[in-house]
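Colleague: Have a peek at start-v3.cif (mmCIF, C-alpha atoms).
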```cif
data_coords
loop_
_atom_site.label_atom_id
_atom_site.label_comp_id
_atom_site.auth_asym_id
_atom_site.auth_seq_id
_atom_site.Cartn_x
_atom_site.Cartn_y
_atom_site.Cartn_z
CA MET A 146 -36.03 20.98 31.25
CA ILE A 147 -33.19 22.48 33.31
CA GLU A 148 -32.35 20.77 36.58
CA TYR A 149 -32.19 23.59 39.11
CA THR A 150 -31.03 23.40 42.68
CA PRO A 151 -33.77 24.46 45.12
CA LEU A 152 -34.09 28.17 45.87
CA ASN A 153 -31.94 29.66 48.64
CA SER A 154 -29.33 26.96 48.24
CA TRP A 155 -26.44 29.06 46.92
CA ILE A 156 -23.92 30.37 49.39
CA TRP A 157 -24.49 34.00 48.35
CA GLN A 158 -28.18 33.61 49.28
CA GLN A 159 -27.36 32.90 52.93
CA ALA A 160 -28.67 35.55 55.35
CA ASP A 161 -25.20 36.39 56.71
CA TRP A 162 -23.39 36.40 53.34
CA PRO A 163 -20.47 37.11 53.04
CA LYS A 164 -19.56 36.48 56.69
CA PHE A 165 -17.45 33.35 56.16
CA HIS A 166 -16.37 31.29 59.13
CA TRP A 167 -14.28 28.19 59.68
CA SER A 168 -12.92 25.81 62.31
CA LEU A 169 -9.40 26.87 63.15
CA GLU A 170 -8.93 23.62 65.06
CA ARG A 171 -9.56 21.59 61.88
CA LEU A 172 -7.26 23.86 59.90
CA GLN A 173 -4.27 23.95 62.26
CA ALA A 174 -2.49 20.85 60.95
CA HIS A 175 -2.97 21.87 57.30
CA LEU A 176 -1.79 25.41 58.01
CA GLY A 177 1.24 24.00 59.77
CA ASP A 178 2.09 21.78 56.80
CA ALA A 179 1.74 24.62 54.28
CA ASN A 180 3.76 27.09 56.35
CA LYS A 181 6.46 24.48 56.92
CA SER A 182 6.67 23.84 53.15
CA LEU A 183 6.81 27.59 52.58
CA GLY A 184 9.75 27.84 54.96
CA VAL A 185 11.55 24.99 53.19
CA LEU A 186 11.02 26.69 49.84
CA LEU A 187 12.43 29.97 51.14
CA GLY A 188 15.42 28.05 52.47
CA ARG A 189 15.98 26.46 49.07
CA MET A 190 15.93 29.92 47.50
CA GLY A 191 18.96 30.86 49.56
CA GLY A 192 21.03 28.28 47.67
CA LEU A 193 20.24 29.75 44.26
CA GLY A 194 22.41 32.32 42.57
CA SER A 195 20.73 35.39 41.09
CA GLY A 196 20.76 33.90 37.60
CA LEU A 197 19.22 30.61 38.69
CA ASP A 198 16.73 32.47 40.86
CA SER A 199 15.51 34.49 37.87
CA GLU A 200 15.26 31.44 35.65
CA SER A 201 13.35 29.51 38.33
CA ALA A 202 10.95 32.44 38.73
CA LEU A 203 10.43 32.58 34.98
CA ASP A 204 9.70 28.85 34.83
CA ALA A 205 7.19 29.05 37.72
CA LEU A 206 5.37 32.06 36.26
CA LEU A 207 5.23 30.36 32.88
CA GLN A 208 3.83 27.18 34.42
CA ASN A 209 1.20 29.18 36.31
CA ILE A 210 -0.04 30.91 33.14
CA ILE A 211 -0.03 27.76 31.03
CA THR A 212 -1.82 25.60 33.61
CA SER A 213 -4.36 28.28 34.60
CA SER A 214 -5.47 28.40 30.97
CA ALA A 215 -5.37 24.60 30.71
CA ILE A 216 -7.84 24.34 33.60
CA GLU A 217 -10.31 26.12 31.31
CA GLY A 218 -9.39 23.86 28.38
CA GLU A 219 -7.27 26.44 26.56
CA SER A 220 -3.88 25.47 25.14
CA LEU A 221 -1.22 28.18 24.86
CA ASN A 222 2.04 28.48 22.96
CA ALA A 223 4.49 28.02 25.84
CA ALA A 224 7.48 29.46 23.95
CA SER A 225 5.53 32.60 23.11
CA VAL A 226 4.34 33.07 26.70
CA ARG A 227 7.88 32.51 27.97
CA SER A 228 9.23 35.12 25.57
CA SER A 229 6.65 37.68 26.73
CA LEU A 230 7.49 37.00 30.39
CA ALA A 231 11.26 37.06 29.84
CA LYS A 232 11.06 40.44 28.14
CA ARG A 233 9.29 41.93 31.15
CA LEU A 234 11.68 40.31 33.61
CA GLY A 235 14.72 41.64 31.77
CA LEU A 236 15.92 38.17 30.76
CA SER A 237 17.27 37.12 27.40
CA THR A 238 14.73 36.04 24.79
CA ASP A 239 14.82 34.35 21.43
CA ALA A 240 13.95 37.07 18.93
CA GLN A 241 12.76 34.43 16.47
CA ILE A 242 9.94 33.24 18.75
CA PRO A 243 6.76 35.08 17.80
CA ILE A 244 4.74 36.78 20.51
CA SER A 245 1.10 37.80 20.30
CA SER A 246 -1.27 40.22 21.95
CA LYS A 247 -2.61 37.19 23.84
CA THR A 248 0.72 36.18 25.37
CA GLU A 249 1.63 39.82 26.00
CA GLY A 250 -1.63 40.32 27.87
CA LEU A 251 -1.23 37.17 29.94
CA ALA A 252 2.28 38.23 30.95
CA GLU A 253 1.04 41.71 31.89
CA LEU A 254 -1.78 40.25 34.00
CA MET A 255 0.42 37.80 35.89
CA LEU A 256 3.18 40.29 36.63
CA ASP A 257 0.75 43.03 37.63
CA ALA A 258 -0.85 40.67 40.15
CA ILE A 259 2.49 39.64 41.65
CA GLN A 260 4.85 42.59 41.23
CA ASN A 261 2.20 45.19 42.07
CA CYS A 262 0.49 43.10 44.73
CA HIS A 263 0.39 45.92 47.28
CA GLN A 264 -1.32 48.39 44.97
CA PRO A 265 -5.05 48.72 45.74
CA LEU A 266 -7.48 46.52 43.90
CA SER A 267 -10.22 48.33 41.99
CA LEU A 268 -12.97 47.57 39.53
CA ALA A 269 -10.97 49.40 36.86
CA ARG A 270 -7.96 47.16 37.54
CA LEU A 271 -10.07 44.01 37.25
CA GLN A 272 -11.52 45.31 33.99
CA GLN A 273 -7.98 45.94 32.69
CA TRP A 274 -7.07 42.36 33.56
CA HIS A 275 -10.08 41.22 31.56
CA CYS A 276 -8.91 43.28 28.57
CA TRP A 277 -5.45 41.70 28.81
CA LEU A 278 -7.05 38.28 28.96
CA PHE A 279 -9.13 38.90 25.81
CA PRO A 280 -7.24 41.18 23.37
CA ASP A 281 -9.37 42.81 20.68
CA ASP A 282 -7.42 41.28 17.79
CA GLN A 283 -7.91 37.66 18.92
CA PRO A 284 -10.65 35.60 17.18
CA ARG A 285 -13.41 34.20 19.39
CA LEU A 286 -16.50 32.10 18.83
CA VAL A 287 -18.85 34.22 20.95
CA ASN A 288 -19.20 37.92 21.59
CA LEU A 289 -17.85 39.00 24.95
CA ARG A 290 -18.18 42.25 26.86
CA ILE A 291 -14.44 42.85 27.03
CA GLY A 292 -13.45 44.86 30.07
CA GLN A 293 -17.07 45.12 31.19
CA LEU A 294 -19.21 43.36 33.74
CA ARG A 295 -21.57 40.64 32.51
CA GLY A 296 -25.06 41.40 31.27
CA ASP A 297 -28.53 40.87 32.71
CA GLU A 298 -28.87 37.23 31.69
CA ALA A 299 -28.37 34.59 34.40
CA MET A 300 -24.73 33.55 34.88
CA GLN A 301 -24.76 29.78 35.30
CA VAL A 302 -22.19 26.99 35.28
CA VAL A 303 -23.92 24.19 33.37
CA SER A 304 -23.04 20.68 32.19
CA GLY A 305 -24.84 17.73 30.65
CA ARG A 306 -27.04 17.32 27.60
CA LEU A 307 -28.48 20.33 25.83
CA ASP A 308 -32.00 19.06 26.36
CA LYS A 309 -31.43 18.36 30.06
CA PRO A 310 -28.55 20.47 31.39
CA ARG A 311 -27.51 20.44 35.03
CA VAL A 312 -26.88 23.76 36.76
CA HIS A 313 -23.84 23.39 39.03
CA PHE A 314 -23.88 27.00 40.13
CA GLU A 315 -25.69 30.26 39.55
CA ALA A 316 -23.96 33.56 40.37
CA PRO A 317 -25.63 36.57 42.01
CA PRO A 318 -27.94 38.44 39.61
CA ARG A 319 -26.66 41.43 37.68
CA ASP A 320 -28.57 43.99 39.73
CA LEU A 321 -26.60 42.89 42.83
CA LEU A 322 -23.23 42.48 41.15
CA GLU A 323 -21.76 45.96 41.54
CA GLN A 324 -22.68 46.09 45.21
CA GLU A 325 -21.23 42.61 45.75
CA LEU A 326 -18.01 43.50 43.93
CA SER A 327 -17.66 46.66 45.99
CA LEU A 328 -17.92 44.61 49.19
CA PHE A 329 -15.25 42.20 47.94
CA ILE A 330 -12.85 44.93 46.78
CA ASN A 331 -13.20 46.87 50.04
CA TRP A 332 -12.47 43.70 52.02
CA PHE A 333 -9.50 42.80 49.83
CA ASN A 334 -8.00 46.29 50.26
CA LEU A 335 -8.29 46.29 54.06
CA PRO A 336 -4.97 46.22 55.93
CA SER A 337 -4.00 42.67 56.72
CA ASP A 338 -5.85 41.35 59.74
CA SER A 339 -3.30 39.72 62.02
CA THR A 340 -6.01 37.42 63.38
CA VAL A 341 -6.50 35.77 59.97
CA ASP A 342 -3.66 33.71 58.54
CA PRO A 343 -2.71 35.08 55.09
CA LEU A 344 -3.09 31.62 53.56
CA ILE A 345 -6.68 31.45 54.80
CA ARG A 346 -7.23 34.92 53.36
CA ALA A 347 -6.02 33.67 49.96
CA ALA A 348 -8.47 30.76 50.16
CA ILE A 349 -11.34 33.14 50.94
CA THR A 350 -10.26 35.43 48.09
CA HIS A 351 -10.51 32.53 45.67
CA LEU A 352 -13.93 31.30 46.79
CA TRP A 353 -15.50 34.76 47.14
CA PHE A 354 -14.48 36.11 43.74
CA ILE A 355 -15.25 32.97 41.73
CA THR A 356 -18.69 32.97 43.38
CA LEU A 357 -19.37 36.51 42.12
CA HIS A 358 -18.43 35.49 38.56
CA PRO A 359 -18.46 39.11 37.37
CA PHE A 360 -17.47 38.65 33.71
CA ASP A 361 -18.88 36.81 30.71
CA ASP A 362 -15.74 34.65 30.55
CA GLY A 363 -12.30 34.42 32.15
CA ASN A 364 -13.58 34.38 35.74
CA GLY A 365 -11.51 31.33 36.69
CA ARG A 366 -8.26 32.78 35.36
CA ILE A 367 -8.83 36.15 37.01
CA THR A 368 -9.75 34.38 40.26
CA ARG A 369 -6.45 32.47 40.19
CA ALA A 370 -4.54 35.69 39.46
CA LEU A 371 -6.24 37.31 42.46
CA THR A 372 -5.29 34.28 44.55
CA ASP A 373 -1.67 34.71 43.45
CA MET A 374 -1.92 38.40 44.37
CA ALA A 375 -3.16 37.52 47.86
CA LEU A 376 -0.35 34.99 48.28
CA ALA A 377 2.17 37.54 47.03
CA GLN A 378 0.95 39.98 49.67
CA ALA A 379 1.73 37.26 52.22
CA ASP A 380 5.19 36.55 50.79
CA ALA A 381 6.38 38.36 47.68
CA GLN A 382 9.51 36.19 47.35
CA SER A 383 8.14 32.66 47.42
CA ILE A 384 5.16 33.29 45.11
CA ARG A 385 7.56 33.72 42.20
CA LEU A 386 8.73 30.14 42.57
CA PHE A 387 5.60 28.03 42.75
CA ALA A 388 2.60 27.51 40.50
CA MET A 389 -0.58 26.75 42.40
CA SER A 390 -2.56 26.53 39.15
CA SER A 391 -0.45 23.50 38.23
CA SER A 392 -1.61 21.60 41.32
CA ILE A 393 -5.21 22.66 40.66
CA LEU A 394 -4.91 21.30 37.12
CA ASP A 395 -3.62 17.99 38.48
CA ASN A 396 -6.78 17.81 40.60
CA ARG A 397 -9.20 19.61 38.29
CA ALA A 398 -12.16 17.26 38.85
CA GLU A 399 -11.76 17.48 42.62
CA TYR A 400 -11.35 21.28 42.34
CA TYR A 401 -14.71 21.63 40.63
CA ARG A 402 -16.33 19.18 43.04
CA ILE A 403 -15.16 20.90 46.22
CA LEU A 404 -15.91 24.32 44.73
CA GLU A 405 -19.48 23.31 43.88
CA GLN A 406 -19.88 21.80 47.33
CA ALA A 407 -18.77 25.08 48.95
CA GLN A 408 -21.00 27.21 46.73
CA ARG A 409 -24.03 25.04 47.55
CA GLY A 410 -23.28 25.08 51.27
CA ASP A 411 -23.50 27.48 54.16
CA LEU A 412 -20.92 30.02 55.26
CA ASP A 413 -18.78 27.46 57.13
CA VAL A 414 -16.04 27.08 54.49
CA THR A 415 -13.67 24.88 56.49
CA SER A 416 -13.70 22.05 53.95
CA TRP A 417 -12.90 24.42 51.10
CA ILE A 418 -9.98 25.95 53.01
CA ILE A 419 -8.61 22.50 53.86
CA TRP A 420 -8.63 21.56 50.16
CA PHE A 421 -7.00 24.87 49.27
CA LEU A 422 -4.23 24.41 51.85
CA GLN A 423 -3.56 20.84 50.74
CA THR A 424 -3.27 21.99 47.12
CA LEU A 425 -1.05 24.90 48.08
CA ASN A 426 1.15 22.59 50.13
CA CYS A 427 1.65 20.30 47.13
CA SER A 428 2.59 23.32 44.99
CA LEU A 429 5.19 24.41 47.53
CA GLN A 430 6.67 20.91 47.85
CA GLU A 431 6.88 20.53 44.08
CA ALA A 432 8.60 23.91 43.78
CA SER A 433 11.22 22.86 46.34
CA LYS A 434 11.94 19.72 44.33
CA LEU A 435 12.31 21.71 41.13
CA ILE A 436 14.73 24.09 42.82
CA ASP A 437 16.78 21.09 43.96
CA VAL A 438 16.82 19.82 40.37
CA THR A 439 17.93 23.24 39.07
CA PHE A 440 20.63 23.52 41.73
CA ASN A 441 21.96 20.00 41.11
CA LYS A 442 21.95 20.49 37.36
CA ASN A 443 23.90 23.71 37.64
CA ARG A 444 26.38 22.13 40.08
CA PHE A 445 26.87 19.18 37.73
CA TRP A 446 27.67 21.33 34.70
CA GLN A 447 29.99 23.52 36.74
CA ARG A 448 31.89 20.40 37.76
CA PHE A 449 32.20 19.18 34.17
CA ALA A 450 32.52 22.58 32.52
CA GLU A 451 35.85 21.68 30.90
CA GLU A 452 34.69 18.33 29.51
CA ASN A 453 33.97 17.93 25.80
CA PHE A 454 30.86 15.79 25.64
CA LEU A 455 29.23 14.56 22.48
CA PRO A 456 25.86 16.22 21.71
CA GLU A 457 24.12 12.89 22.30
CA GLN A 458 25.75 12.56 25.70
CA ARG A 459 24.70 16.08 26.70
CA LYS A 460 21.14 15.37 25.64
CA VAL A 461 20.89 12.25 27.79
CA LEU A 462 22.64 13.85 30.76
CA ASN A 463 20.21 16.77 30.70
CA ARG A 464 17.26 14.39 30.54
CA LEU A 465 18.55 12.57 33.61
CA LEU A 466 19.31 15.82 35.44
CA ASP A 467 15.89 17.31 34.69
CA GLY A 468 14.05 14.39 36.27
CA GLY A 469 10.26 14.44 36.13
CA GLU A 470 8.20 12.70 33.50
CA LYS A 471 10.93 12.92 30.86
CA SER A 472 13.46 11.07 32.98
CA PHE A 473 13.93 7.37 33.75
CA GLU A 474 12.89 5.69 36.95
CA GLY A 475 15.86 4.00 38.54
CA GLY A 476 18.31 5.34 35.93
CA ILE A 477 18.72 4.78 32.20
CA SER A 478 19.49 1.49 30.45
CA ALA A 479 21.71 1.04 27.39
CA ALA A 480 18.63 0.36 25.26
CA GLN A 481 16.97 3.57 26.48
CA TYR A 482 20.15 5.53 25.83
CA GLN A 483 20.22 4.16 22.30
CA LYS A 484 16.63 5.27 21.72
CA VAL A 485 16.95 8.75 23.23
CA ALA A 486 20.33 9.56 21.68
CA LYS A 487 19.34 7.96 18.34
CA VAL A 488 22.60 6.02 18.07
CA SER A 489 23.54 2.39 17.40
CA LYS A 490 23.79 -0.21 20.12
CA ALA A 491 27.58 -0.19 19.91
CA SER A 492 27.68 3.63 20.14
CA ALA A 493 25.36 3.61 23.13
CA THR A 494 27.64 1.19 24.96
CA ARG A 495 30.70 3.27 24.06
CA HIS A 496 29.07 6.55 25.17
CA LEU A 497 27.95 5.09 28.49
CA THR A 498 31.37 3.60 29.20
CA ASP A 499 32.95 6.99 28.50
CA LEU A 500 30.55 8.72 30.91
CA LEU A 501 31.29 6.10 33.56
CA ASN A 502 35.03 6.64 33.21
CA ARG A 503 34.62 10.42 33.53
CA GLY A 504 32.65 10.00 36.75
CA CYS A 505 29.40 11.44 35.31
CA LEU A 506 27.46 8.22 35.73
CA GLN A 507 27.49 5.25 38.03
CA LYS A 508 25.94 1.82 37.67
CA THR A 509 23.03 0.75 39.83
CA SER A 510 23.26 -2.41 41.91
CA ALA A 511 21.33 -4.43 39.31
CA GLY A 512 23.58 -6.25 36.86
CA GLY A 513 23.39 -7.96 33.49
CA ARG A 514 20.61 -6.85 31.19
CA SER A 515 19.06 -4.92 34.10
CA THR A 516 22.05 -2.60 34.39
CA ARG A 517 21.05 1.04 34.66
CA TYR A 518 23.07 4.21 34.96
CA GLN A 519 22.50 7.16 37.26
CA VAL A 520 23.90 10.69 37.16
CA VAL A 521 26.40 11.53 39.88
CA VAL A 522 26.17 15.03 41.38
CA ALA A 523 28.68 15.86 44.11
CA ASN A 524 29.03 12.21 45.06
CA GLN A 525 25.26 11.69 45.10
CA SER A 526 23.36 9.88 42.40
CA ILE A 527 20.20 11.12 40.76
CA ALA A 528 17.89 8.46 39.39
CA ASN A 529 14.40 9.81 38.83
CA LYS A 530 12.63 12.34 40.99
CA GLY A 531 9.54 12.10 38.81
CA ALA A 532 8.01 9.20 40.75
CA ALA A 533 7.97 11.27 43.93
CA SER A 534 6.74 14.39 42.17
CA ASN A 535 3.27 12.93 41.77
CA GLN A 536 2.73 12.11 45.42
CA CYS A 537 0.40 15.11 45.80
CA ALA A 538 -1.66 14.32 42.72
CA GLU A 539 -4.51 12.87 44.78
CA PHE A 540 -5.65 13.66 48.30
#
```
Output the structure of this file as structure tokens.
Modeller:
Amino acid sequence: MIEYTPLNSWIWQQADWPKFHWSLERLQAHLGDANKSLGVLLGRMGGLGSGLDSESALDALLQNIITSSAIEGESLNAASVRSSLAKRLGLSTDAQIPISSKTEGLAELMLDAIQNCHQPLSLARLQQWHCWLFPDDQPRLVNLRIGQLRGDEAMQVVSGRLDKPRVHFEAPPRDLLEQELSLFINWFNLPSDSTVDPLIRAAITHLWFITLHPFDDGNGRITRALTDMALAQADAQSIRLFAMSSSILDNRAEYYRILEQAQRGDLDVTSWIIWFLQTLNCSLQEASKLIDVTFNKNRFWQRFAEENFLPEQRKVLNRLLDGGEKSFEGGISAAQYQKVAKVSKASATRHLTDLLNRGCLQKTSAGGRSTRYQVVVANQSIANKGAASNQCAEF
């Protein structure tokens, strides 16, 4: 027996649907935080050269595609996706990396949403996105209506045992879908309303479209692409440098919880918008940190461009410069160097001493067996930025 929610409990069944409303007073602080982080990110962009800017954009777009699919439990070949994106951005690619109709379609979808963000949205455009998401030559376990709206059967989000599933959400029935989509598309194509902050508009875009659930599959990924499109309309420069899907993936359980809560509730969507703004803010902050890492790494290698490092030394230096999960909190020890570089204990000591003498590394204050080494960039040391990078993982 299916566990249904009582009738008239879905948000689209409310009498005033889709007249969303919210408390601007409750949102002000969160809007302020997100807009401040957006300003910081734009400031960071000014320090990047054109080459670094393009590479940072490529990395962010790649992360957005990979994590948006990961939210749905799909794993992609990152190298293949990167190659498809790079080709379209006019960047160098490795000809030996195979691409597929899947990665080509994902790249087309992402770049159409961002680069063509001011072109009108239409049903035909959404259907094209769906075709890019599900190429004809890709194997699939179930038959899908590719590039077409879903059929007459109920569209439900279900979990639990097969003999007693729980319905988390049920979308509007098929006979209402085209009318509902038309309302959404007309709203999305309206000139920007100066009374509604563009970040709030992006939050509404996300909730409204995912509630319609117009396709058999791929609704989450298309929703996130539409969200990116709305954010790109707000600021076409910054959207290329952050990946909101990555922050959603970090909080996937909470994402589904707050989404279900909003879809079961009334048209006051304040709580949903707060969650959206918090997640967006984390994405912007993380992007600023990554730009700092890219800038520092480039500055370091410019400073030591004439130095002849051993391959093992370069490998460890890049690991330290990259930060994040692959780096070492508080610096790297001799034992860790030995393991990463795959050298003997004596070689590790010799390599580290050489890097100290060249001014690439400095010792931390701890001595003896606790001695660790940090990268020096323009008289500042870099230990590990990874510990701070997770500060937005939970709200």
Colleague: Would you work out the distance separating CA of Arg270 (chain A) from CA of Gln293 (chain A), expressed in Å to one decimal?
Modeller: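 Computed distance, CA of Arg270 (chain A) to CA of Gln293 (chain A), equals 11.3 Å.
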Colleague: Can you tell me how far CA of Asn180 (chain A) sits from CA of Leu376 (chain A), in Å to one decimal?
Modeller: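 For CA of Asn180 (chain A) relative to CA of Leu376 (chain A), the distance reads 12.0 Å.
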Colleague: Using 10 Å as the limit and counting all atoms listed in the file, can you tabulate each residue of region 220-322 of chain A that touches region 200-215 of chain A, with its shortest atom-to-atom distance in Å and the two atoms involved, as a Markdown table?
Modeller:
```
| residue | atom | partner | partner_atom | distance |
| --- | --- | --- | --- | --- |
| A:Ser220 | CA | A:Ala215 | CA | 5.8 |
| A:Leu221 | CA | A:Ile211 | CA | 6.3 |
| A:Asn222 | CA | A:Ile211 | CA | 8.4 |
| A:Ala223 | CA | A:Ile211 | CA | 6.9 |
| A:Ala224 | CA | A:Leu207 | CA | 9.3 |
| A:Val226 | CA | A:Leu207 | CA | 6.8 |
| A:Arg227 | CA | A:Leu207 | CA | 6.0 |
| A:Ser228 | CA | A:Leu207 | CA | 9.6 |
| A:Ser229 | CA | A:Leu207 | CA | 9.7 |
| A:Leu230 | CA | A:Leu203 | CA | 7.0 |
| A:Ala231 | CA | A:Leu203 | CA | 6.9 |
| A:Leu234 | CA | A:Leu203 | CA | 7.9 |
| A:Leu236 | CA | A:Glu200 | CA | 8.3 |
| A:Thr248 | CA | A:Ile210 | CA | 9.4 |
| A:Leu251 | CA | A:Ile210 | CA | 7.1 |
| A:Ala252 | CA | A:Ile210 | CA | 8.0 |
| A:Leu254 | CA | A:Ile210 | CA | 9.5 |
| A:Met255 | CA | A:Ile210 | CA | 7.4 |
| A:Leu256 | CA | A:Leu206 | CA | 8.5 |
| A:Ile259 | CA | A:Leu206 | CA | 9.7 |
```
Colleague: What residues come out when you apply the PyMOL selection byres ((chain A and resi 442) around 12) to this file, written as a PyMOL selection string?
Modeller: chain A and resi 193+197+435-441+443-450+459+462-468+505+520-523+526-527
Colleague: Quick one: which residues end up in the PyMOL selection byres ((chain A and resi 483) around 12) for this structure, as a list in words?
Modeller: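 This file gives the following for the PyMOL selection byres ((chain A and resi 483) around 12): Glu457, Gln458, Lys460, Val461, Ile477, Ser478, Ala479, Ala480, Gln481, Tyr482, Lys484, Val485, Ala486, Lys487, Val488, Ser489, Lys490, Ala491, Ser492, Ala493, Thr494, Arg495, His496 and Leu497 of chain A.
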Colleague: If the PyMOL selection byres ((chain A and resi 412-419) around 6) is run on the structure shown, which residues does it catch, given as number ranges by chain?
Modeller: A: 165-168, 348, 411, 420-422
Colleague: Excluding Ser392 (chain A) and its own-chain neighbours fewer than 4 positions away, which residues fall within 7 Å of it when counting only C-alpha atoms? Please give them as a ChimeraX atom specification.
Modeller: /A:396,424,427-428
Colleague: Would you work out the distance separating CA of Ile216 (chain A) from CA of Asn364 (chain A), expressed in Å to one decimal?
Modeller: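 Between CA of Ile216 (chain A) and CA of Asn364 (chain A) the gap works out to 11.8 Å.
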Colleague: Anything within 6 Å of (-21.2, 33.4, 33.6): list those residues as a CSV table (one decimal) with C-alpha atoms, in the coordinates of the input, counting all atoms listed in the file and sticking to the file's coordinates.
Modeller:
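Printed below is out37.csv as written:
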```
chain,number,residue,atom,x,y,z
A,300,MET,CA,-24.7,33.6,34.9
A,301,GLN,CA,-24.8,29.8,35.3
A,361,ASP,CA,-18.9,36.8,30.7
```
Colleague: Within 12 Å of Gln264 (chain A), counting only C-alpha atoms, which residues show up once you throw out same-chain ones fewer than 2 positions away? Write them as JSON, numbers by chain, please.
Modeller: {"A": [257, 258, 259, 260, 261, 262, 266, 267, 270, 333, 334, 335, 336, 374, 375, 377, 378]}
Colleague: Could you give me the axis-aligned bounding box of region 428-442 of chain A, with 4 Å of padding per side, as centre plus edge lengths in Å to one decimal, as JSON?
Modeller:
```
{"center_x": 12.3, "center_y": 22.1, "center_z": 42.6, "size_x": 27.4, "size_y": 12.7, "size_z": 18.5}
```
Colleague: Could region 264-277 of chain A be completed with N, CA and C atoms and written as a short mmCIF file (atom, residue, chain, number, x, y, z; two decimals), in the coordinates of the input, please?
Modeller:
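Below is the file out-v8.cif, written as the result:
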```
data_model
loop_
_atom_site.label_atom_id
_atom_site.label_comp_id
_atom_site.auth_asym_id
_atom_site.auth_seq_id
_atom_site.Cartn_x
_atom_site.Cartn_y
_atom_site.Cartn_z
N GLN A 264 -0.50 47.29 45.49
CA GLN A 264 -1.32 48.39 44.97
C GLN A 264 -2.79 48.03 45.15
N PRO A 265 -3.63 49.02 45.46
CA PRO A 265 -5.05 48.72 45.74
C PRO A 265 -5.74 48.04 44.57
N LEU A 266 -6.62 47.13 44.90
CA LEU A 266 -7.48 46.52 43.90
C LEU A 266 -8.64 47.47 43.61
N SER A 267 -9.09 47.49 42.38
CA SER A 267 -10.22 48.33 41.99
C SER A 267 -10.98 47.65 40.87
N LEU A 268 -12.19 48.10 40.64
CA LEU A 268 -12.97 47.57 39.53
C LEU A 268 -12.26 47.85 38.21
N ALA A 269 -11.68 49.05 38.09
CA ALA A 269 -10.97 49.40 36.86
C ALA A 269 -9.79 48.46 36.62
N ARG A 270 -9.11 48.06 37.68
CA ARG A 270 -7.96 47.16 37.54
C ARG A 270 -8.43 45.77 37.10
N LEU A 271 -9.51 45.30 37.67
CA LEU A 271 -10.07 44.01 37.25
C LEU A 271 -10.51 44.06 35.79
N GLN A 272 -11.09 45.17 35.38
CA GLN A 272 -11.52 45.31 33.99
C GLN A 272 -10.31 45.34 33.05
N GLN A 273 -9.20 45.95 33.50
CA GLN A 273 -7.98 45.94 32.69
C GLN A 273 -7.45 44.53 32.55
N TRP A 274 -7.49 43.76 33.63
CA TRP A 274 -7.07 42.36 33.56
C TRP A 274 -7.90 41.61 32.52
N HIS A 275 -9.19 41.88 32.51
CA HIS A 275 -10.08 41.22 31.56
C HIS A 275 -9.70 41.59 30.13
N CYS A 276 -9.34 42.85 29.91
CA CYS A 276 -8.91 43.28 28.57
C CYS A 276 -7.61 42.58 28.17
N TRP A 277 -6.69 42.41 29.11
CA TRP A 277 -5.45 41.70 28.81
C TRP A 277 -5.72 40.24 28.50
#
```
